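Raw run.cif, mmCIF, N, CA and C atoms:
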data_final
#
loop_
_atom_site.label_atom_id
_atom_site.label_comp_id
_atom_site.auth_asym_id
_atom_site.auth_seq_id
_atom_site.Cartn_x
_atom_site.Cartn_y
_atom_site.Cartn_z
N MET A 1 48.40 208.88 -186.31
CA MET A 1 48.83 207.96 -187.34
C MET A 1 50.32 208.13 -187.53
N SER A 2 51.06 207.07 -187.46
CA SER A 2 52.51 207.18 -187.60
C SER A 2 52.89 207.35 -189.06
N GLY A 3 54.05 207.96 -189.28
CA GLY A 3 54.52 208.21 -190.63
C GLY A 3 54.94 206.96 -191.38
N SER A 4 55.06 205.83 -190.68
CA SER A 4 55.51 204.60 -191.34
C SER A 4 54.37 203.79 -191.94
N GLU A 5 53.13 204.16 -191.66
CA GLU A 5 52.00 203.43 -192.20
C GLU A 5 51.68 203.91 -193.61
N PRO A 6 51.22 203.02 -194.46
CA PRO A 6 50.88 203.45 -195.83
C PRO A 6 49.69 204.39 -195.82
N THR A 7 49.66 205.26 -196.79
CA THR A 7 48.52 206.15 -196.95
C THR A 7 47.83 205.82 -198.26
N PHE A 8 46.55 206.12 -198.32
CA PHE A 8 45.76 205.81 -199.50
C PHE A 8 44.94 207.04 -199.87
N ARG A 9 44.80 207.25 -201.14
CA ARG A 9 44.01 208.36 -201.64
C ARG A 9 42.56 207.88 -201.80
N ILE A 10 41.65 208.68 -201.31
CA ILE A 10 40.23 208.37 -201.45
C ILE A 10 39.59 209.50 -202.24
N ASP A 11 39.20 209.22 -203.46
CA ASP A 11 38.58 210.21 -204.32
C ASP A 11 37.07 210.07 -204.25
N PRO A 12 36.36 211.18 -204.32
CA PRO A 12 34.90 211.10 -204.34
C PRO A 12 34.42 210.42 -205.62
N ILE A 13 33.22 209.90 -205.56
CA ILE A 13 32.61 209.25 -206.72
C ILE A 13 31.89 210.32 -207.54
N GLU A 14 32.18 210.34 -208.81
CA GLU A 14 31.52 211.29 -209.72
C GLU A 14 30.08 210.83 -209.95
N PRO A 15 29.17 211.77 -210.14
CA PRO A 15 27.77 211.40 -210.38
C PRO A 15 27.59 210.41 -211.53
N SER A 16 28.41 210.52 -212.56
CA SER A 16 28.30 209.60 -213.70
C SER A 16 28.72 208.17 -213.36
N GLN A 17 29.38 207.99 -212.24
CA GLN A 17 29.86 206.66 -211.83
C GLN A 17 28.93 205.98 -210.82
N VAL A 18 27.92 206.70 -210.33
CA VAL A 18 27.09 206.16 -209.25
C VAL A 18 26.42 204.85 -209.65
N GLU A 19 25.77 204.82 -210.81
CA GLU A 19 25.02 203.62 -211.19
C GLU A 19 25.92 202.39 -211.30
N SER A 20 27.03 202.50 -212.00
CA SER A 20 27.90 201.34 -212.20
C SER A 20 28.56 200.90 -210.88
N ARG A 21 28.94 201.85 -210.06
CA ARG A 21 29.59 201.49 -208.80
C ARG A 21 28.58 200.93 -207.80
N PHE A 22 27.36 201.44 -207.83
CA PHE A 22 26.33 200.92 -206.94
C PHE A 22 25.97 199.49 -207.35
N THR A 23 25.85 199.26 -208.65
CA THR A 23 25.56 197.91 -209.15
C THR A 23 26.66 196.94 -208.74
N ALA A 24 27.91 197.37 -208.87
CA ALA A 24 29.04 196.52 -208.47
C ALA A 24 29.01 196.24 -206.96
N LEU A 25 28.61 197.23 -206.18
CA LEU A 25 28.52 197.04 -204.74
C LEU A 25 27.45 196.00 -204.40
N ILE A 26 26.30 196.11 -205.04
CA ILE A 26 25.24 195.12 -204.80
C ILE A 26 25.70 193.73 -205.22
N ASP A 27 26.41 193.62 -206.32
CA ASP A 27 26.96 192.33 -206.75
C ASP A 27 27.86 191.74 -205.66
N ARG A 28 28.68 192.59 -205.04
CA ARG A 28 29.59 192.13 -203.99
C ARG A 28 28.84 191.73 -202.73
N LEU A 29 27.78 192.47 -202.41
CA LEU A 29 27.04 192.22 -201.17
C LEU A 29 25.97 191.14 -201.31
N GLU A 30 25.61 190.77 -202.53
CA GLU A 30 24.50 189.84 -202.76
C GLU A 30 24.56 188.58 -201.90
N PRO A 31 25.73 187.93 -201.76
CA PRO A 31 25.75 186.71 -200.95
C PRO A 31 25.44 186.95 -199.46
N LEU A 32 25.55 188.20 -199.02
CA LEU A 32 25.34 188.51 -197.61
C LEU A 32 23.93 189.01 -197.30
N LEU A 33 23.16 189.30 -198.35
CA LEU A 33 21.84 189.89 -198.19
C LEU A 33 20.73 188.89 -198.49
N LEU A 34 19.54 189.17 -197.99
CA LEU A 34 18.39 188.33 -198.29
C LEU A 34 18.01 188.50 -199.76
N PRO A 35 17.58 187.43 -200.43
CA PRO A 35 17.22 187.54 -201.85
C PRO A 35 16.18 188.62 -202.14
N GLY A 36 15.18 188.76 -201.28
CA GLY A 36 14.16 189.78 -201.49
C GLY A 36 14.73 191.19 -201.42
N ASP A 37 15.71 191.39 -200.53
CA ASP A 37 16.36 192.69 -200.43
C ASP A 37 17.17 193.00 -201.69
N VAL A 38 17.85 191.99 -202.20
CA VAL A 38 18.64 192.16 -203.43
C VAL A 38 17.71 192.51 -204.60
N THR A 39 16.59 191.81 -204.68
CA THR A 39 15.63 192.09 -205.75
C THR A 39 15.12 193.52 -205.67
N MET A 40 14.79 193.96 -204.47
CA MET A 40 14.29 195.33 -204.29
C MET A 40 15.38 196.36 -204.61
N LEU A 41 16.60 196.10 -204.18
CA LEU A 41 17.71 197.01 -204.48
C LEU A 41 17.92 197.14 -205.98
N ARG A 42 17.93 196.00 -206.67
CA ARG A 42 18.14 196.03 -208.12
C ARG A 42 16.97 196.73 -208.84
N SER A 43 15.77 196.54 -208.34
CA SER A 43 14.61 197.20 -208.92
C SER A 43 14.73 198.72 -208.78
N LEU A 44 15.13 199.17 -207.62
CA LEU A 44 15.31 200.61 -207.41
C LEU A 44 16.43 201.16 -208.30
N LEU A 45 17.51 200.42 -208.42
CA LEU A 45 18.60 200.85 -209.29
C LEU A 45 18.15 200.92 -210.74
N ASP A 46 17.40 199.91 -211.18
CA ASP A 46 16.89 199.90 -212.55
C ASP A 46 15.98 201.09 -212.83
N ALA A 47 15.27 201.54 -211.80
CA ALA A 47 14.37 202.68 -211.94
C ALA A 47 15.10 204.02 -211.80
N GLY A 48 16.39 203.94 -211.50
CA GLY A 48 17.17 205.17 -211.34
C GLY A 48 16.99 205.83 -209.98
N ASP A 49 16.38 205.12 -209.04
CA ASP A 49 16.15 205.66 -207.70
C ASP A 49 17.34 205.30 -206.80
N PHE A 50 18.45 206.00 -207.02
CA PHE A 50 19.67 205.69 -206.28
C PHE A 50 19.54 206.06 -204.80
N GLU A 51 18.84 207.16 -204.53
CA GLU A 51 18.66 207.55 -203.14
C GLU A 51 17.80 206.52 -202.40
N GLY A 52 16.73 206.06 -203.04
CA GLY A 52 15.89 205.04 -202.43
C GLY A 52 16.65 203.74 -202.20
N ALA A 53 17.46 203.35 -203.18
CA ALA A 53 18.26 202.13 -203.05
C ALA A 53 19.28 202.27 -201.93
N TYR A 54 19.90 203.45 -201.85
CA TYR A 54 20.89 203.66 -200.79
C TYR A 54 20.21 203.65 -199.42
N ASP A 55 19.06 204.30 -199.31
CA ASP A 55 18.34 204.31 -198.04
C ASP A 55 17.96 202.89 -197.63
N LEU A 56 17.52 202.08 -198.59
CA LEU A 56 17.18 200.69 -198.30
C LEU A 56 18.42 199.93 -197.83
N LEU A 57 19.53 200.07 -198.55
CA LEU A 57 20.76 199.38 -198.16
C LEU A 57 21.23 199.85 -196.79
N ASP A 58 21.13 201.14 -196.53
CA ASP A 58 21.53 201.68 -195.23
C ASP A 58 20.67 201.08 -194.13
N GLY A 59 19.37 200.98 -194.38
CA GLY A 59 18.48 200.38 -193.40
C GLY A 59 18.77 198.91 -193.17
N ILE A 60 19.06 198.19 -194.24
CA ILE A 60 19.39 196.77 -194.12
C ILE A 60 20.63 196.58 -193.26
N THR A 61 21.64 197.38 -193.52
CA THR A 61 22.89 197.23 -192.78
C THR A 61 22.77 197.77 -191.36
N ASN A 62 21.82 198.68 -191.11
CA ASN A 62 21.60 199.16 -189.74
C ASN A 62 20.83 198.14 -188.92
N ASP A 63 19.93 197.42 -189.57
CA ASP A 63 19.08 196.46 -188.86
C ASP A 63 19.78 195.13 -188.59
N GLY A 64 20.80 194.83 -189.33
CA GLY A 64 21.50 193.56 -189.16
C GLY A 64 22.99 193.77 -189.26
N THR A 65 23.70 192.75 -188.96
CA THR A 65 25.15 192.85 -189.02
C THR A 65 25.65 191.99 -190.16
N ILE A 66 26.41 192.61 -191.04
CA ILE A 66 27.12 191.86 -192.07
C ILE A 66 28.58 192.25 -191.97
N SER A 67 29.44 191.34 -192.26
CA SER A 67 30.87 191.61 -192.20
C SER A 67 31.38 191.95 -193.60
N VAL A 68 31.97 193.12 -193.73
CA VAL A 68 32.54 193.54 -195.00
C VAL A 68 33.95 194.06 -194.76
N ASP A 69 34.73 194.06 -195.82
CA ASP A 69 36.08 194.59 -195.69
C ASP A 69 36.04 196.11 -195.72
N THR A 70 37.15 196.72 -195.39
CA THR A 70 37.23 198.18 -195.32
C THR A 70 36.91 198.82 -196.65
N ALA A 71 37.38 198.24 -197.75
CA ALA A 71 37.13 198.82 -199.07
C ALA A 71 35.63 198.88 -199.38
N THR A 72 34.89 197.85 -198.99
CA THR A 72 33.45 197.83 -199.22
C THR A 72 32.76 198.89 -198.37
N LEU A 73 33.18 199.01 -197.14
CA LEU A 73 32.61 200.02 -196.26
C LEU A 73 32.87 201.43 -196.80
N VAL A 74 34.08 201.68 -197.25
CA VAL A 74 34.42 202.99 -197.82
C VAL A 74 33.58 203.24 -199.06
N GLU A 75 33.40 202.23 -199.90
CA GLU A 75 32.59 202.37 -201.11
C GLU A 75 31.16 202.76 -200.74
N MET A 76 30.60 202.15 -199.70
CA MET A 76 29.26 202.49 -199.28
C MET A 76 29.17 203.95 -198.84
N VAL A 77 30.14 204.40 -198.08
CA VAL A 77 30.15 205.79 -197.61
C VAL A 77 30.30 206.75 -198.79
N LEU A 78 31.21 206.45 -199.69
CA LEU A 78 31.42 207.33 -200.85
C LEU A 78 30.19 207.38 -201.75
N LEU A 79 29.53 206.25 -201.92
CA LEU A 79 28.29 206.23 -202.71
C LEU A 79 27.22 207.09 -202.05
N GLY A 80 27.09 206.98 -200.75
CA GLY A 80 26.13 207.79 -200.03
C GLY A 80 26.40 209.27 -200.21
N GLN A 81 27.65 209.67 -200.14
CA GLN A 81 28.02 211.06 -200.35
C GLN A 81 27.69 211.51 -201.77
N ALA A 82 28.02 210.69 -202.74
CA ALA A 82 27.78 211.05 -204.15
C ALA A 82 26.29 211.17 -204.42
N ILE A 83 25.50 210.28 -203.88
CA ILE A 83 24.06 210.29 -204.10
C ILE A 83 23.44 211.53 -203.45
N ARG A 84 23.89 211.88 -202.28
CA ARG A 84 23.33 213.03 -201.58
C ARG A 84 23.68 214.34 -202.29
N LEU A 85 24.76 214.35 -203.06
CA LEU A 85 25.16 215.56 -203.78
C LEU A 85 24.41 215.76 -205.08
N THR A 86 23.75 214.71 -205.59
CA THR A 86 23.06 214.84 -206.86
C THR A 86 21.64 215.29 -206.70
#

Give the structure from the file, written as structure tokens.
Amino acid sequence: MSGSEPTFRIDPIEPSQVESRFTALIDRLEPLLLPGDVTMLRSLLDAGDFEGAYDLLDGITNDGTISVDTATLVEMVLLGQAIRLT
């Protein structure tokens, strides 16, 4: 990486932020996902099953291709890390 490129700080997601950030991520991804998948994701989030919701989202994105920007991809990775730590 050359010294002339901008750098960005990436902070981990705190456990207290998982629910709100995961909900915001689903809101952003909703137009790209099947309605039934969105319903199931929201149901899992409402039940507090963040690991189950993340596993479902991971499976959805592994089984199909959706185009997302880098910030959304980073958010998904950070959420996965935060969920696995709790």

Practice item. Give me the residues within 10 Å of Ile66 of chain A as a PyMOL selection string, counting only C-alpha atoms and dropping any in the same chain fewer than 2 places off. Key: chain A and resi 29+32-33+60-64+68

Review point. Do you know which residues the PyMOL selection byres (((chain A and resi 78 and name CA) around 10) and name CA) returns on this file, as a PyMOL selection string?
Key: chain A and resi 10-14+18+72-77+79-84

Exercise for review: Identify all residues of segment 24-86 of chain A in helix (DSSP H, G or I) (DSSP on the backbone) and supply them as a ChimeraX atom specification.
Suggested key: /A:24-32,35-46,50-63,70-85

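Going from atom C of Glu19 of chain A to atom N of Thr65 of chain A covers 24.4 Å.
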
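Put simply, atom C of Asp58 of chain A is 15.1 Å away from atom C of Arg28 of chain A.
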
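Atom pair atom C of Ala71 of chain A / atom CA of Ala47 of chain A has a distance of 25.0 Å (rounded to one decimal).
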
Exercise for review: Check the smallest atom-to-atom distance from each of A:Thr70, A:Gly48, A:Gly59, A:Gly36 to Phe22 of chain A using only C-alpha atoms, then report the winner.
Suggested key: A:Gly48

Review point. Can you list, as a VMD selection string, every protein, DNA or RNA residue that comes within 6 Å of segment 51-54 of chain A when you count only N, CA and C atoms, leaving out same-chain residues fewer than 6 positions away?
Key: chain A and resid 41 44 to 45

Could you work out an axis-aligned bounding box for all listed atoms of segment 57-74 of chain A, with 6 Å added on each of the six sides, and give its centre and edge lengths in Å to one decimal, as lines of an AutoDock Vina configuration file?
center_x = 27.9
center_y = 197.3
center_z = -194.0
size_x = 30.9
size_y = 23.9
size_z = 22.8
